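Colleague: First the structure, which I've put down as C-alpha cells, then a few questions once you've had a look.
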2 protein chains.
Amino acid sequence: MIRVVVVGHGNIGKHSVDAINNAPDMELAGIITRANENDGIEKYGKIDVALICKPTRLVEEYSKKFLEKGIHTVDSFDIHQDIVSLRKSLGEIGKANNSVSIIASGWDPGSDSVVRALLEAAAPIGITYTDFGPGMSMGHSVVVRSKEGVKDALSITIPLGTGVHRRMVYVQLEDGANFEEVKKLIKEDDYFKYDETHIIQTDNVQNLMDRGHGVKMTRKGISSAADNQLFNFEMRINNPALTAQIMVSCARACMKQTPGAYTMIEIPVANLLPGNLEDNIKRLV
Amino acid sequence: MIRVVVVGHGNIGKHSVDAINNAPDMELAGIITRANENDGIEKYGKIDVALICKPTRLVEEYSKKFLEKGIHTVDSFDIHQDIVSLRKSLGEIGKANNSVSIIASGWDPGSDSVVRALLEAAAPIGITYTDFGPGMSMGHSVVVRSKEGVKDALSITIPLGTGVHRRMVYVQLEDGANFEEVKKLIKEDDYFKYDETHIIQTDNVQNLMDRGHGVKMTRKGISSAADNQLFNFEMRINNPALTAQIMVSCARACMKQTPGAYTMIEIPVANLLPGNLEDNIKRLV
C-alpha cells in the first residue's frame with residue numbers, strides 16, 4: 001500500500017481524503033492541518049507521498065520540507081509561467097534527497113496539458129484554444145480572498161472563445177473595507193491583470209458557490225500533409241474533486257519515477273492507474 | 001537528426017513520408033517497398049527507426065527483422081486483443097538487441113488509448129464509450145480486400161452509440177467470383193463477426209473512397225467522491241494522415257526509451273514532441 005499524507009484540509013484536501021480512501025492501493029497516513037503542522041511527522045509512520053493541498057503560492061515552501069525528508073510530493077501549482085522554475089527548484093531537492101515531485105498536477109495545468117501535448121503530436125502545425133468555464137476558479141478565488149478588506153470571494157471564469165476569458169469576481173467585504181481599494185488590489189494582481197475583470201460587491205458569497213467547472217479545448221491542424229484535422233476535448237466537472245483525484249493518481253506515479261521533479265506530460269499515463277500493467281493495456285489500449 | 005525508413009508505401013507509408021519531411025528533427029533514410037525489400041538495407045546508411053507501414057497481420061514479422069538489427073520500430077498494429085502478446089514478443093527481441101518498439105501507435109489503438117487511460121485516472125469509477133465513425137476503417141478494408149474473389153473493398157464504420165458499431169462493407173468482385181461466398185468469408189472474419197455487418201456489392205469502390213474518419217469518446221464517472229464528472233473527446237480526421245503522423249511522433253519517442261516494447265500509454269507524451277523540453281513545458285503545461 002502507498003501511504004499518503006494530505007497537507008491542508010480545504011476543498012482539495014478534503015476531496016483528496018475521499019480519493020485516497022477509494023484507491024485500492026493506497027492508505028491515508030494522516031491529515032496535516034495548520035493546527036498540527038508543527039507536531040512532527042513521526043507519528044504518521046512511513047509516508048510515501050505528501051499531497052500538498054495548499055494555495056499555489058505556498059506550494060514550493062511546503063513541498064521542500066517533505067522532499068528533503070525523502071518523501072515524494074504532488075501539488076496542483078497553477079501559475080503556468082512559473083512551472084518551469086518550480087520544476088527546477090523542486091527537481092534539485094528531489095535529486096539530492098532521493099524523492100520525486102510531480103508538479104502542476106490538477107486539470108489545467110495537469111490533465112489538460114497531457115491532452116494539449118498529445119494533440120500537438122497528432123497535428124504538429126495548427127492552433128489549440130483552451131476555453132475555461134463557465135465555472136468557479138479556485139486559484140483565482142483564493143487570490144481574491146487573500147486581499148486586504150476581503151472577507152469572502154468567488155471568481156468565475158467565463159469563456160469568450162479562442163482562449164479569451166472574462167473574470168466575474170464576487171466579493172464580500174470586511175466591515176469598514178473600501179470597495180474601490182479592494183477593486184484596485186484585485187485588478188493589479190497577476191491573476192487578473194491580463195483579463196477582462198468585473199468586480200461585484202455582494203452580501204453573501206457562499207450563496208453563489210457552485211464548484212462545477214468546465215473546459216473546451218479545440219485544435220485544428222495538419223497531420224502529415226492533411227489539413228483540417230479537427231480535435232475537441234470537453235469536460236464538465238466538480239473542480240476540487242477532479243483536482244484532488246488527479247493529484248491522488250499522480251501520487252501513485254511518484255512511485256515509478258526516478259528522483260527529480262516532473263510535470264504530467266513527462267509521466268506515462270499508465271503509471272497513473274492502479275492494477276497490473278498488462279491488464280490495463282488489455283482494457284485501455 | 002533522427003533517420004527513419006518507411007517500410008511499405010500504401011496510404012500510411014505515403015503520409016509517413018510527408019510527416020517525416022515536415023519534422024524538424026528527422027530525415028527520411030529511405031522507402032522500403034515490396035520491390036526493393038530484399039536488396040539489403042546497407043544502402044540507406046545509418047537507420048534509427050523503421051516505420052512499419054504494413055497490414056497489421058504482417059507487423060510482427062517485419063518488426064522483428066529490424067529490431068534484431070538494433071533498429072527501433074513503430075507500428076500501428078490494430079488488433080486490440082493481440083496487443084499484449086505482440087508487446088511481449090517484440091519486447092524480448094528489443095531487449096536482446098538494444099532496440100525499442102512502440103506498438104499500436106495509431107489513433108485507436110494509440111492516441112485514443114492515452115485519452116482513455118487519462119480519463120480513467122481522472123474519474124476511476126465510471127464507464128468510457130468509444131464510438132467510431134462514420135468513416136472508412138483502413139484495417140477492416142484491408143481485411144476484406146484480402147478475401148478470395150474480392151477485387152476492391154471499402155468498410156465503413158457507423159457509430160450506433162455506447163460503443164456499438166455497424167459495418168457497411170462495399171465490395172467489388174473479381175470476374176466470376178460468387179457474392180454469397182465472399183459474404184460468408186467476410187462475416188466469419190474476427191474483424192467482422194462481432195458487429196452488425198452489411199455487405200453490398202458495387203461496381204466501383206474507388207468512387208466511394210473518402211478517408212475521413214472520426215471518434216467520439218465519452219466518460220461519465222466519479223472523481224474523489226463526486227459523481228457526474230463528464231468528459232468528451234471528439235475528432236474528425238483524415239485517417240491515414242493521422243495514423244502516419246502519430247507513428248512519426250512515436251519514432252521520436254523511441255530515442256528516449258530503454259530497450260523493449262511499449263504501447264503509447266507507457267510513453268510520456270512530452271517525448272512525442274520535437275524541441276526543447278523546458279520550452280514545451282512552458283508552452284503546453
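Letters A, B, ... mark the chains of the C-alpha cells in the order given; residue numbers begin at 1 per chain; ligand numbers begin at 1, in order shown.
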With only C-alpha atoms as the counted atoms, please give the residues lying no more than 7 Å from Glu27 of chain A, apart from itself and same-chain residues fewer than 4 positions off, as a list in words.
Modeller: Met1, Ile2, Arg3, Val4, Ile20 and Asn21 of chain A
Colleague: Write out, as a PDB file, in the first residue's frame, the residues just selected, with N, CA and C atoms.
Modeller:
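The file below, result.pdb, is the result:
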```
ATOM      1  N   MET A   1       0.839  -1.197   0.000  1.00  0.00           N
ATOM      2  CA  MET A   1       0.000   0.000   0.000  1.00  0.00           C
ATOM      3  C   MET A   1       0.885   1.263   0.000  1.00  0.00           C
ATOM      4  N   ILE A   2       0.455   2.228  -0.789  1.00  0.00           N
ATOM      5  CA  ILE A   2       1.148   3.515  -0.830  1.00  0.00           C
ATOM      6  C   ILE A   2       0.560   4.382   0.288  1.00  0.00           C
ATOM      7  N   ARG A   3       1.419   4.863   1.194  1.00  0.00           N
ATOM      8  CA  ARG A   3       0.923   5.637   2.337  1.00  0.00           C
ATOM      9  C   ARG A   3       1.053   7.134   2.051  1.00  0.00           C
ATOM     10  N   VAL A   4      -0.075   7.832   2.132  1.00  0.00           N
ATOM     11  CA  VAL A   4      -0.147   9.224   1.686  1.00  0.00           C
ATOM     12  C   VAL A   4      -0.617  10.119   2.829  1.00  0.00           C
ATOM     13  N   ILE A  20      -8.173   9.043  -1.816  1.00  0.00           N
ATOM     14  CA  ILE A  20      -7.236   8.063  -1.231  1.00  0.00           C
ATOM     15  C   ILE A  20      -8.023   6.880  -0.672  1.00  0.00           C
ATOM     16  N   ASN A  21      -9.097   7.179   0.029  1.00  0.00           N
ATOM     17  CA  ASN A  21      -9.902   6.092   0.606  1.00  0.00           C
ATOM     18  C   ASN A  21     -10.522   5.194  -0.465  1.00  0.00           C
TER      19      ASN A  21
END
```
Colleague: Write out as a PyMOL selection string all residues of segment 92-216 of chain A that DSSP puts in alpha helix (DSSP H) for this structure's backbone.
Modeller: chain A and resi 92-97+111-122+138-145+179-188
Colleague: Select all residues from chain B having any atom no more than 7 Å from an atom of chain A (counting only C-alpha atoms, ignoring ligands), output as a PyMOL selection string.
Modeller: chain B and resi 15-16+18-19+80-81+84+109-110+113-114+116-118+121-122+223-226+229-238+241-242+244-246+249+265-270+272-273+278+281-282+284-285
Colleague: For segment 151-166 of chain B, find every residue with an atom within 10 Å (counting only C-alpha atoms), except residues of its own chain fewer than 4 positions away, and show them as a PyMOL selection string.
Modeller: chain B and resi 127-147+170-175+177+192+194-206+208-211+213-218
Colleague: Pull the strand (DSSP E or B) assignments for segment 34-263 of chain B out of DSSP run on the backbone, and list those residues as a PyMOL selection string.
Modeller: chain B and resi 49-52+72-75+100-102+106-107+110+125-132+135-136+150-159+165-173+196-201+212-223+226-238+260-262
Colleague: Ranking A:Arg57, A:Ile186, A:Glu68, A:Asn98 by minimum distance to Met255 of chain A and counting only C-alpha atoms, which one comes first?
Modeller: A:Asn98
Colleague: Any idea what the distance is between atom CA of Gly40 of chain A and atom CA of Leu58 of chain A?
Modeller: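 So the two atoms, atom CA of Gly40 of chain A and atom CA of Leu58 of chain A, lie 18.9 Å apart.
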Colleague: Take atom CA of Glu92 of chain B and atom CA of Gly260 of chain B and report the distance between them in Å, one decimal.
Modeller: 6.6 Å
Colleague: Name the residues in contact with Ile71 of chain A at a cut-off of 6 Å, using only C-alpha atoms, excluding same-chain residues fewer than 2 positions from it; report them as a ChimeraX atom specification.
Modeller: /A:48-49,66-67,69,99
Colleague: Give me, please, the distance in Å between atom CA of Cys254 of chain B and atom CA of Val74 of chain B, quoted to one decimal.
Modeller: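 Those two atoms sit 8.1 Å apart.
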Colleague: If we count only C-alpha atoms and set the cut-off at 7 Å, which residues sit around Phe77 of chain B, ignoring sequence neighbours fewer than 2 positions away in its own chain? Please answer as a ChimeraX atom specification.
Modeller: /B:56,59,75,79,103-104
Colleague: Write the residues of the preceding selection, restricted to N, CA and C atoms, as a PDB file, in the first residue's frame.
Modeller:
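Saved file result.pdb follows:
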```
ATOM      1  N   THR B  56      -1.634  -4.987 -40.523  1.00  0.00           N
ATOM      2  CA  THR B  56      -1.451  -5.453 -39.154  1.00  0.00           C
ATOM      3  C   THR B  56      -0.903  -6.872 -39.067  1.00  0.00           C
ATOM      4  N   VAL B  59       2.838  -7.120 -39.293  1.00  0.00           N
ATOM      5  CA  VAL B  59       3.647  -6.229 -38.446  1.00  0.00           C
ATOM      6  C   VAL B  59       4.716  -6.988 -37.673  1.00  0.00           C
ATOM      7  N   ASP B  75       4.840   0.736 -35.101  1.00  0.00           N
ATOM      8  CA  ASP B  75       3.788   0.182 -35.947  1.00  0.00           C
ATOM      9  C   ASP B  75       2.435   0.712 -35.496  1.00  0.00           C
ATOM     10  N   ILE B  79      -5.114  -4.908 -33.819  1.00  0.00           N
ATOM     11  CA  ILE B  79      -5.994  -5.949 -33.254  1.00  0.00           C
ATOM     12  C   ILE B  79      -5.870  -5.855 -31.730  1.00  0.00           C
ATOM     13  N   ILE B 103       4.476   0.095 -30.169  1.00  0.00           N
ATOM     14  CA  ILE B 103       3.481  -0.668 -30.929  1.00  0.00           C
ATOM     15  C   ILE B 103       2.089  -0.041 -30.803  1.00  0.00           C
ATOM     16  N   ALA B 104       1.206  -0.400 -31.720  1.00  0.00           N
ATOM     17  CA  ALA B 104      -0.200   0.028 -31.664  1.00  0.00           C
ATOM     18  C   ALA B 104      -0.290   1.556 -31.595  1.00  0.00           C
TER      19      ALA B 104
END
```
